[in-house]
Each structure stands twice: as C-alpha cells, then as structure tokens.
Number of protein chains: 2
Amino acid sequence: MKTDTLRVGFIGAGNRGTSLLTNMFSVENVVVTAICDPNPEAVQANVNRCNEKYGDVCTGYSDYNHLLDSGKVDAVVIASTWLTHVRIACDAMKRGIYVGMEVGPAGSIDECRRLVETHEETGTHLFLLENCCWGQNELFILNLVRKGILGELVHLAGAYQHDCREILLREYDNMDKPYCERIYHKIRNMEGYPTHELVPLGKFIGINSRNRFLTLSAASSKSVGFQKLYKEQRGETFPDRINQGDVVSTLIRCANGETISLTYDTALPRPYSRGLRVQGSNGIWMEDNRSIYIEGRSPKDKWEPDAEYMTEFEHPLWTKYRESEIQGGHGGMDYLMLCAFADFASRNARPPIDAYDAATYISIACLVEDSLSMGGALVTVPDFTDGKWVKKRNYETDNLYDINI
Amino acid sequence: MKTDTLRVGFIGAGNRGTSLLTNMFSVENVVVTAICDPNPEAVQANVNRCNEKYGDVCTGYSDYNHLLDSGKVDAVVIASTWLTHVRIACDAMKRGIYVGMEVGPAGSIDECRRLVETHEETGTHLFLLENCCWGQNELFILNLVRKGILGELVHLAGAYQHDCREILLREYDNMDKPYCERIYHKIRNMEGYPTHELVPLGKFIGINSRNRFLTLSAASSKSVGFQKLYKEQRGETFPDRINQGDVVSTLIRCANGETISLTYDTALPRPYSRGLRVQGSNGIWMEDNRSIYIEGRSPKDKWEPDAEYMTEFEHPLWTKYRESEIQGGHGGMDYLMLCAFADFASRNARPPIDAYDAATYISIACLVEDSLSMGGALVTVPDFTDGKWVKKRNYETDNLYDINI
C-alpha cells in the first residue's frame, strides 16, 4: 500500500453504501480498509469485495465507534440511515477523520448546528456527498454560469420528483424498523429530500460565499397518491394516516435578490425529474423541455434544444469522464463525486460542499416543516456561518472537481 | 335588426378593444351598436367598421356614461385601461347592462369587493373575459379533468411568462399618460397578470363552487432585466427605480387541499409560456415539454408527447371551432370566448366566470403585493362569496361554452 493512498471506511452497507463502494473501486489512490453495518452479512459481503479488490486489507465492524477508533481510516463515507448521519459525522470529526456524509433531510435544526459546531471545534472537514452537483446537466449549467452565458442569475427552480410509492408500499409494513427511512413519509410533512436540486442551484449563486438563503415559505398539498396505490394493490382502503403532502412547494429568498422555487413530489404517478430551471438576465435553461434560450443567439422568442449547447459548453470534467471508459453510477455522477471526495480528503482540503453548506442545505427539510406547521408562514433560514458568508469562501475553484462559482 | 340580436357596446378602442371587435364580427346574433374611447379617431375608425359590417347602426362616444345611458346596448365589452375596469363595470351593472370585463390586475382589494356588491345589489351579471379559458390547451385539459383521466387533482402550476421589455421601453417615456398600464411595472411589485393561467386552473378545481383559495405567499426576485435592455438600447445606465421584481412566484393553498404555484415573469429574455402543469392522482400534463403521463396507459416512468391525447380528448367546442372556417384571435380563443359571452348575455344567464370569480381572480394581484410588502408573509384570500362557495354554483356545465367542472 502506498503511503499517499487514502484509507477509507464505509459506514453503512445497505443499497447506497454498497453502490458507492462499487463506484469507489474506480477511484484512484484509495483503499477501502473498513466496512461497518449492523447487518453482519452485508458487512461480510462488502469486506470480501474490498479484499478481492485491494488485497487482504479490509476489516468488518458492527459498531461504527470501533471503526472510528481502529486507526485504520483517514476518511469515512457515511451512508447509513438519515437519522444517524449527523451523530456519526460528529463522532468521526471528533477523531479527526475526514467525513463524507450522504445526503438526506436533517432530523432537526439543532443537529445542523451541531454539525457546524463540531467542525469548528475539531477543525475536521465534512464533505456533503451530493452527487447531483457532478451530474451532466448540473456541470453543464455550472459551466454556462461561470462563462456568464445566462447573465446575472435571477430565478432558479428545482425539484425532487420521483414516484416512490412502490418503495413506500414495500416498506410500509416495516416502518418502525431502525433502517426504514420511509417512516418520514408517514409521520412528518416536510421538504423530504431537498439537496439533489438545491445544492447545485445554491452553488450556481454562491450560497454561503457572498450570498445566503434568507427566508422560505412552503405549501403542502393533500395526500392521496399512496392511498390510491395501496387500495389498488391490496384491495382495501388504506387504514392509516399519512402526514406527508403529495406535493410540497417551497419558495426561498436569497440575499442577492434571487428566488428559488422547490418542489418535492414523491407520491404521485409521474416520470422522474429534478425539474431544474436556471434563469438570468441573458436567458433561461429548463430541464423538462431540454431547452435553452439565450438572447441574441437563439431565434427571437423561440426555444432551442439544449443538445448543441451541451456539446459546446460541456464541462471539462465531463469531457474527461466521457473520454474515460469508466461507467459510474447514476450516469457518472457518483464516480465523479467520489473522485472529488478522495481528492479533497487526501489533501485534507476544505471540500466544495462543506460543513456550513451541509447544515444549510439539509436544514431546509425541517425549515419547510416549520413553515408548513404554521400553514405556510415565512420562516428565516439560520446563518450557519455566523456572518462569514459575506466574504468569499476559500474554495478552490481552479480545481477541476470543485463546483463553486 | 332581429329582436333576438344582442346589442353590444365596446368601451375601449385601443389595441385590445379593436382586436376583440374584429373577433366579435364573427359571432352570430350580435350587433355592435356603440363604441367609446377618449381618442376620437379610434372611435371613428371602429364605428366605421361596425357600420360597414352591420349597416348604419353604430354610434361613437367619448364618455362611457353617455354610452351606458343611450339605451342602445344590452351588453358592454370593457377593454379600457386596467385602472378603469371596475369603475366602468359597476356603472354598467347599475344600469342593468350585462358586463363583459377584460382581464388585468385589480387596483385594490376594495374594488374587488365593490364589483361583487354591485352585482348583488343590481342583480346584473358580470362576465370576466378571460380568453385563455377557451384556449386549445385549456379546453383539452378541461375535458381530461371532466373525464377523470388525471384522477383527483392535487397540484397545479401556471405562469404569465412573457418578455414585455420592448413594450415597457416603448412606453417608458409615457408612463404617466392615462392610457399607460405599464406604470405598474415601475411603481408596484405584484402578481401583475394573474388571470391567464389562474382562471383556467381555478376552473379545473371548482374555485368558488365547493372549493376556494385560502391563503397565499409570494417571493419576488431582484429587478435587472429591463435595466439591461435599457442600457443596451439607449447606451446609458437606467436612471430610475423599478419596483417590480423580474420574477414573482406565488403559492396558493386551496380548501380541498390542492396547491397552486404561479409565476409572473415579464422582464427577462425568454419565449412566451403559460407554464401550465396539472397533476392528479392518475397522472400529470405539462405545457412546457408538451408531455403527459397517465398511470397504466403511459409506458412506466416515461413521458408521452401529448399530441395523440390532444386528438383523443379534444374538447367538443374545439372540434366545432376547428371544423368551422373561422380564424379567431389568439389562436381561436378570443372568438370562442366572445361566443360564450354573447350566448350567456343574450339569455341574461349567470356567466361561466362571474362577478365572484372576477373579484377572486383579479384580487390575487394585490394579495401578492401585500405578501411581498411583508417579505413574503402568508395572507388570506378574501371569500367574496360570503360562504356560498360551499355549495355548487348554478353554472351550466351542459352548455358547450361553459368551462366549469
């Protein structure tokens, strides 16, 4: 094993942890030395895969504290259940272990504060593993924004629109099991998964780096989608209460005058879409019709298909990925994200989505819940940077893996 | 002149009044007997056209009260400037003259109340001339909704997205002239034109007829679009303040649990779109990608182009229009709306978009202004029906021109 190799532990060997591990196998200068999960079979399976890949280097754990204390890891990837993310991340930071934390809604605003406090007290970095920041569309738009093609950004929209009813139904009878995240859908009403669309959008407008989210207000629709599926598949009326609205819409106001519209839509029949819209003083791009309009370039008042622009303004990172023979998960973005993680972790550098960002973005889930609980009232978004957002953060925007403006 | 012919007066002989008059020429059993406008040349031109069309029956007026007192009209079409709509409409209702009132933002909430009070005191009907209710897309969706193809409606979206910067620039130097509606863009910050998208959406979910708007909250972006155009075209920095945000987003919550997302976007470069999205327990249709997804019919998780559905579920009114040789304005909807207006007015019947509806829909402009003035706070939408919304209204949904559910 080379000394400049990053030793990574994986906490969580479920679907997501296993899928990330597969992608990590393509990342250079990394060795996965530890796997942890409450399920011993899942641990053993992934330990075996690591030992096959890296030689006999990988140890299995059922208790993540033993993994963190083992001295065998420089960094961890946390892909456990949502409710455990922050606790594990803080315990890792306290040991000086560079953290990669998977996305999900925050459990509470307090745990978001704890994430930032622990980062500040320990000086250990946390990298929020929001893969969509390295998606093909998102990198393309990042490049458009950096080159000024869309002008000054004014209004953005994004969504997590994913028909999850079948997953809900499969997990419905096990909602009280510790691993079941779907309990949220039954018990809470919130922006259940804000980061896939919001982190890329926030990065386009420099959130926490000379800009910030000021306030939000939300609206929740009724809940009928899952109940309909339940009745069709089980032949009887759904006997219970679902607190989550089928469509939760949120408006966010930003310090530099931009507005963001978010949509969470996971219990109605529909094709998947992150519904991105990025609009500035020079033009607009929209995901759903795959179209772009750039003043002075597009025919007057006519959408153009975005395909030619995707080629002309391809992000150099995507060009590099496309020209490699690597097949990364979720269309490549999991691989690129893990490359970024390994790159920043191996240098112990401030990550492109850091602890302040993580707290900010995952807190939106609970802030929307607060707004909805008051019928849609305005709530303020905490400034987790304690005012430091007024200065440009020391991100590395000349790093190919960086996604900051 | 036949006695069953509806005698119509036109108040307003500007662009819109003149265009509506042209469309009215194709409507049967109507004669236009009066034209009124402060501009005598515009009056004379339209009087001449009417006399040519109908024989020597049409009189010109500069004062609308003289037109209303003439005894020559059974109904009026009000296509004057926004700020005068309600006053003229109330004066007409007081004379027992059936009112067709063009759309626009309300001047205040009080004038919306006055519209309803005057209707109730006089028993005279008011028909809000929202042409988009008779648009091809909107009639198609109306038909889909009536047939239950989309299931129970849950979330709707719509927009007035129209790059009006050139109009603004043309009118900028004349903003204090009485006819100039664009003064709003400079002076107010609101949902500047809510009816084109919101009336059709409201009709799909039975607003004011067993449903109502409960609350709304809004967000306004910064204002940069017009200023950029000004600088490009006039070579100097825009010297003034624009109060209207470039993109105003609004969330509306409805009594039956539906949510509506509105977007007002008139000062940035972009193609025109009303951005309709209609989503229910069975599927979703979206205007911007011209796509539909119906569970059990569409391939799993895949959008279908809406073209085949547009044919299969064409509204019978549209079929009739298409098979006629009439070329109505705005793609046919102006003509169909005026047919509806003439049909209901000639029978003195409750119109499909009545005084309660008019007050409700145009009030949204000012309610959004209220919300924005408080940073996006929640505001309640007045119930202009005084609680009568809990009963199904006596609309005529078997009338081909009716657009109620």
# chains A, B, ... in the order shown; residues from 1 in each chain; ligands from 1
$ interface_residues --of "chain A" --to "chain B" --cutoff "7 Å" --atoms "only C-alpha atoms" --output "number ranges by chain"
A: 154-155, 219-222, 224-225, 247, 251, 253, 257-259, 268-272, 281-284, 288-289, 293, 295, 301-303, 376-378
$ write_last_selection --atoms "N, CA and C atoms" --output "short mmCIF file (atom, residue, chain, number, x, y, z; two decimals), in the first residue's frame"
data_model
loop_
_atom_site.label_atom_id
_atom_site.label_comp_id
_atom_site.auth_asym_id
_atom_site.auth_seq_id
_atom_site.Cartn_x
_atom_site.Cartn_y
_atom_site.Cartn_z
N VAL A 154 -31.26 35.20 -11.74
CA VAL A 154 -32.40 35.89 -11.12
C VAL A 154 -33.35 34.92 -10.44
N HIS A 155 -33.69 33.86 -11.14
CA HIS A 155 -34.67 32.91 -10.61
C HIS A 155 -34.26 31.49 -10.97
N ALA A 219 -45.86 25.35 0.86
CA ALA A 219 -47.26 24.93 0.76
C ALA A 219 -47.29 23.43 0.53
N SER A 220 -48.18 22.76 1.22
CA SER A 220 -48.30 21.31 1.09
C SER A 220 -49.67 20.95 0.54
N SER A 221 -49.69 20.10 -0.46
CA SER A 221 -50.97 19.61 -0.99
C SER A 221 -51.52 18.53 -0.08
N LYS A 222 -52.72 18.11 -0.39
CA LYS A 222 -53.30 16.93 0.27
C LYS A 222 -52.48 15.69 -0.05
N VAL A 224 -52.98 11.93 -1.34
CA VAL A 224 -53.90 10.94 -1.91
C VAL A 224 -53.21 9.86 -2.74
N GLY A 225 -51.97 10.13 -3.17
CA GLY A 225 -51.31 9.25 -4.13
C GLY A 225 -51.01 7.86 -3.58
N VAL A 247 -47.43 16.84 -2.77
CA VAL A 247 -46.55 17.82 -3.39
C VAL A 247 -46.31 18.95 -2.39
N LEU A 251 -40.75 28.32 -1.57
CA LEU A 251 -40.10 29.49 -2.15
C LEU A 251 -39.00 29.96 -1.21
N ARG A 253 -35.95 32.91 -0.62
CA ARG A 253 -35.46 34.24 -1.00
C ARG A 253 -33.98 34.36 -0.59
N GLY A 257 -30.98 38.72 -3.94
CA GLY A 257 -32.19 39.01 -4.69
C GLY A 257 -32.69 37.89 -5.59
N GLU A 258 -32.02 36.74 -5.57
CA GLU A 258 -32.54 35.63 -6.35
C GLU A 258 -33.68 34.95 -5.60
N THR A 259 -34.58 34.33 -6.35
CA THR A 259 -35.60 33.48 -5.75
C THR A 259 -35.42 32.06 -6.27
N LEU A 268 -46.98 10.57 -6.29
CA LEU A 268 -47.94 10.60 -7.40
C LEU A 268 -47.27 9.96 -8.61
N PRO A 269 -48.10 9.36 -9.50
CA PRO A 269 -47.51 8.73 -10.69
C PRO A 269 -46.93 9.77 -11.64
N ARG A 270 -45.65 9.66 -11.95
CA ARG A 270 -45.01 10.63 -12.86
C ARG A 270 -43.60 10.14 -13.19
N PRO A 271 -43.06 10.60 -14.31
CA PRO A 271 -41.66 10.30 -14.60
C PRO A 271 -40.74 11.09 -13.67
N TYR A 272 -39.56 10.56 -13.44
CA TYR A 272 -38.56 11.23 -12.60
C TYR A 272 -38.12 12.53 -13.24
N SER A 281 -30.32 37.20 -16.58
CA SER A 281 -30.60 38.39 -17.39
C SER A 281 -30.34 38.17 -18.87
N ASN A 282 -29.62 37.09 -19.23
CA ASN A 282 -29.36 36.80 -20.64
C ASN A 282 -30.19 35.66 -21.21
N GLY A 283 -30.83 34.87 -20.35
CA GLY A 283 -31.57 33.73 -20.89
C GLY A 283 -31.95 32.73 -19.85
N ILE A 284 -32.42 31.59 -20.32
CA ILE A 284 -33.01 30.58 -19.44
C ILE A 284 -32.76 29.19 -20.00
N ASP A 288 -36.98 20.24 -18.12
CA ASP A 288 -38.11 19.41 -18.53
C ASP A 288 -38.38 19.45 -20.03
N ASN A 289 -38.10 20.54 -20.67
CA ASN A 289 -38.24 20.53 -22.14
C ASN A 289 -36.89 20.48 -22.84
N TYR A 293 -32.78 29.25 -24.02
CA TYR A 293 -33.00 30.48 -24.78
C TYR A 293 -31.94 31.47 -24.34
N GLU A 295 -30.50 35.25 -25.25
CA GLU A 295 -30.79 36.47 -26.02
C GLU A 295 -29.65 36.79 -26.98
N ASP A 301 -37.67 34.77 -29.31
CA ASP A 301 -38.84 34.15 -28.66
C ASP A 301 -38.99 32.65 -28.94
N LYS A 302 -37.93 31.98 -29.38
CA LYS A 302 -38.04 30.54 -29.67
C LYS A 302 -37.05 29.75 -28.81
N TRP A 303 -37.56 28.68 -28.20
CA TRP A 303 -36.68 27.75 -27.51
C TRP A 303 -35.74 27.09 -28.51
N GLY A 376 -47.85 27.57 6.29
CA GLY A 376 -47.11 28.15 5.17
C GLY A 376 -46.45 29.48 5.53
N ALA A 377 -46.32 29.75 6.80
CA ALA A 377 -45.75 31.04 7.24
C ALA A 377 -44.29 31.15 6.83
N LEU A 378 -43.86 32.39 6.79
CA LEU A 378 -42.48 32.73 6.49
C LEU A 378 -41.59 32.29 7.65
#
$ residues_around --residues "Gly12 in chain B" --least-positions-apart "6" --cutoff "6 Å" --atoms "only C-alpha atoms" --output "MDAnalysis selection string"
chainID B and resid 36:37 79:80
$ residues_around --residues "range 173-181 of chain B" --least-positions-apart "2" --cutoff "9 Å" --atoms "only C-alpha atoms" --output "PyMOL selection string"
chain B and resi 80-83+168-171+183-186
$ residues_around --residues "Asp4 in chain A" --least-positions-apart "3" --cutoff "12 Å" --atoms "only C-alpha atoms" --output "VMD selection string"
chain A and resid 1 7 28 to 31 74 342 to 343 345 to 347
$ write_last_selection --atoms "N, CA, C and O atoms" --output "PDB file, in the first residue's frame"
ATOM      1  N   MET A   1       0.846  -1.195   0.000  1.00  0.00           N
ATOM      2  CA  MET A   1       0.000   0.000   0.000  1.00  0.00           C
ATOM      3  C   MET A   1       0.887   1.254   0.000  1.00  0.00           C
ATOM      4  O   MET A   1       1.767   1.387   0.828  1.00  0.00           O
ATOM      5  N   ARG A   7      -6.989   5.996   3.032  1.00  0.00           N
ATOM      6  CA  ARG A   7      -7.650   4.815   3.611  1.00  0.00           C
ATOM      7  C   ARG A   7      -9.072   5.216   4.024  1.00  0.00           C
ATOM      8  O   ARG A   7      -9.266   6.090   4.861  1.00  0.00           O
ATOM      9  N   GLU A  28      -8.940   6.343  -8.062  1.00  0.00           N
ATOM     10  CA  GLU A  28      -7.507   6.075  -7.850  1.00  0.00           C
ATOM     11  C   GLU A  28      -7.027   6.540  -6.475  1.00  0.00           C
ATOM     12  O   GLU A  28      -7.612   7.429  -5.868  1.00  0.00           O
ATOM     13  N   ASN A  29      -5.948   5.914  -6.021  1.00  0.00           N
ATOM     14  CA  ASN A  29      -5.278   6.316  -4.776  1.00  0.00           C
ATOM     15  C   ASN A  29      -6.170   6.183  -3.540  1.00  0.00           C
ATOM     16  O   ASN A  29      -6.051   6.956  -2.593  1.00  0.00           O
ATOM     17  N   VAL A  30      -7.087   5.232  -3.607  1.00  0.00           N
ATOM     18  CA  VAL A  30      -7.970   4.958  -2.476  1.00  0.00           C
ATOM     19  C   VAL A  30      -7.894   3.472  -2.159  1.00  0.00           C
ATOM     20  O   VAL A  30      -7.797   2.641  -3.072  1.00  0.00           O
ATOM     21  N   VAL A  31      -7.931   3.167  -0.854  1.00  0.00           N
ATOM     22  CA  VAL A  31      -8.123   1.768  -0.463  1.00  0.00           C
ATOM     23  C   VAL A  31      -9.195   1.757   0.625  1.00  0.00           C
ATOM     24  O   VAL A  31      -9.178   2.589   1.544  1.00  0.00           O
ATOM     25  N   ASP A  74      -8.432   7.096   7.215  1.00  0.00           N
ATOM     26  CA  ASP A  74      -8.182   8.543   7.153  1.00  0.00           C
ATOM     27  C   ASP A  74      -9.480   9.299   6.916  1.00  0.00           C
ATOM     28  O   ASP A  74      -9.594  10.479   7.208  1.00  0.00           O
ATOM     29  N   ALA A 342     -12.197  11.947  -2.729  1.00  0.00           N
ATOM     30  CA  ALA A 342     -10.859  11.387  -2.489  1.00  0.00           C
ATOM     31  C   ALA A 342      -9.785  12.462  -2.677  1.00  0.00           C
ATOM     32  O   ALA A 342      -8.820  12.546  -1.907  1.00  0.00           O
ATOM     33  N   ASP A 343      -9.976  13.301  -3.698  1.00  0.00           N
ATOM     34  CA  ASP A 343      -9.012  14.365  -3.979  1.00  0.00           C
ATOM     35  C   ASP A 343      -8.904  15.336  -2.794  1.00  0.00           C
ATOM     36  O   ASP A 343      -7.816  15.624  -2.295  1.00  0.00           O
ATOM     37  N   ALA A 345     -10.112  14.939   0.322  1.00  0.00           N
ATOM     38  CA  ALA A 345      -9.784  14.276   1.592  1.00  0.00           C
ATOM     39  C   ALA A 345      -8.293  13.970   1.673  1.00  0.00           C
ATOM     40  O   ALA A 345      -7.677  14.125   2.732  1.00  0.00           O
ATOM     41  N   SER A 346      -7.701  13.538   0.565  1.00  0.00           N
ATOM     42  CA  SER A 346      -6.291  13.141   0.617  1.00  0.00           C
ATOM     43  C   SER A 346      -5.408  14.358   0.905  1.00  0.00           C
ATOM     44  O   SER A 346      -4.305  14.216   1.421  1.00  0.00           O
ATOM     45  N   ARG A 347      -5.901  15.577   0.580  1.00  0.00           N
ATOM     46  CA  ARG A 347      -5.140  16.795   0.866  1.00  0.00           C
ATOM     47  C   ARG A 347      -5.650  17.490   2.125  1.00  0.00           C
ATOM     48  O   ARG A 347      -5.232  18.587   2.458  1.00  0.00           O
TER      49      ARG A 347
END
$ select_by_dssp --residues "range 63-163 of chain B" --states "strand (DSSP E or B)" --output "PyMOL selection string"
chain B and resi 75-78+98-102+126-129+153-161
$ atom_distance --atom1 "CA of Leu142 in chain A" --atom2 "CA of Ile207 in chain A"
13.8 Å
$ select_by_dssp --residues "range 211-330 of chain B" --states "helix (DSSP H, G or I)" --output "PyMOL selection string"
chain B and resi 225-234+307-312+316-323+330
$ atom_distance --atom1 "CA of Arg16 in chain B" --atom2 "CA of Pro352 in chain B"
21.4 Å
$ residues_around --residues "range 380-397 of chain B" --least-positions-apart "4" --cutoff "6 Å" --atoms "only C-alpha atoms" --output "PyMOL selection string"
chain B and resi 208-210+214-215+356+402+404
$ residues_around --residues "range 55-59 of chain B" --least-positions-apart "6" --cutoff "7 Å" --atoms "only C-alpha atoms" --output "ChimeraX atom specification"
/B:32-35,47
$ write_last_selection --atoms "C-alpha atoms" --output "mmCIF file, in the first residue's frame"
data_model
loop_
_atom_site.group_PDB
_atom_site.id
_atom_site.type_symbol
_atom_site.label_atom_id
_atom_site.label_comp_id
_atom_site.auth_asym_id
_atom_site.auth_seq_id
_atom_site.Cartn_x
_atom_site.Cartn_y
_atom_site.Cartn_z
ATOM 1 C CA VAL B 32 -72.187 46.264 -32.160
ATOM 2 C CA THR B 33 -74.142 49.493 -31.729
ATOM 3 C CA ALA B 34 -71.745 51.700 -29.759
ATOM 4 C CA ILE B 35 -68.048 52.449 -29.458
ATOM 5 C CA VAL B 47 -67.636 52.985 -35.708
#
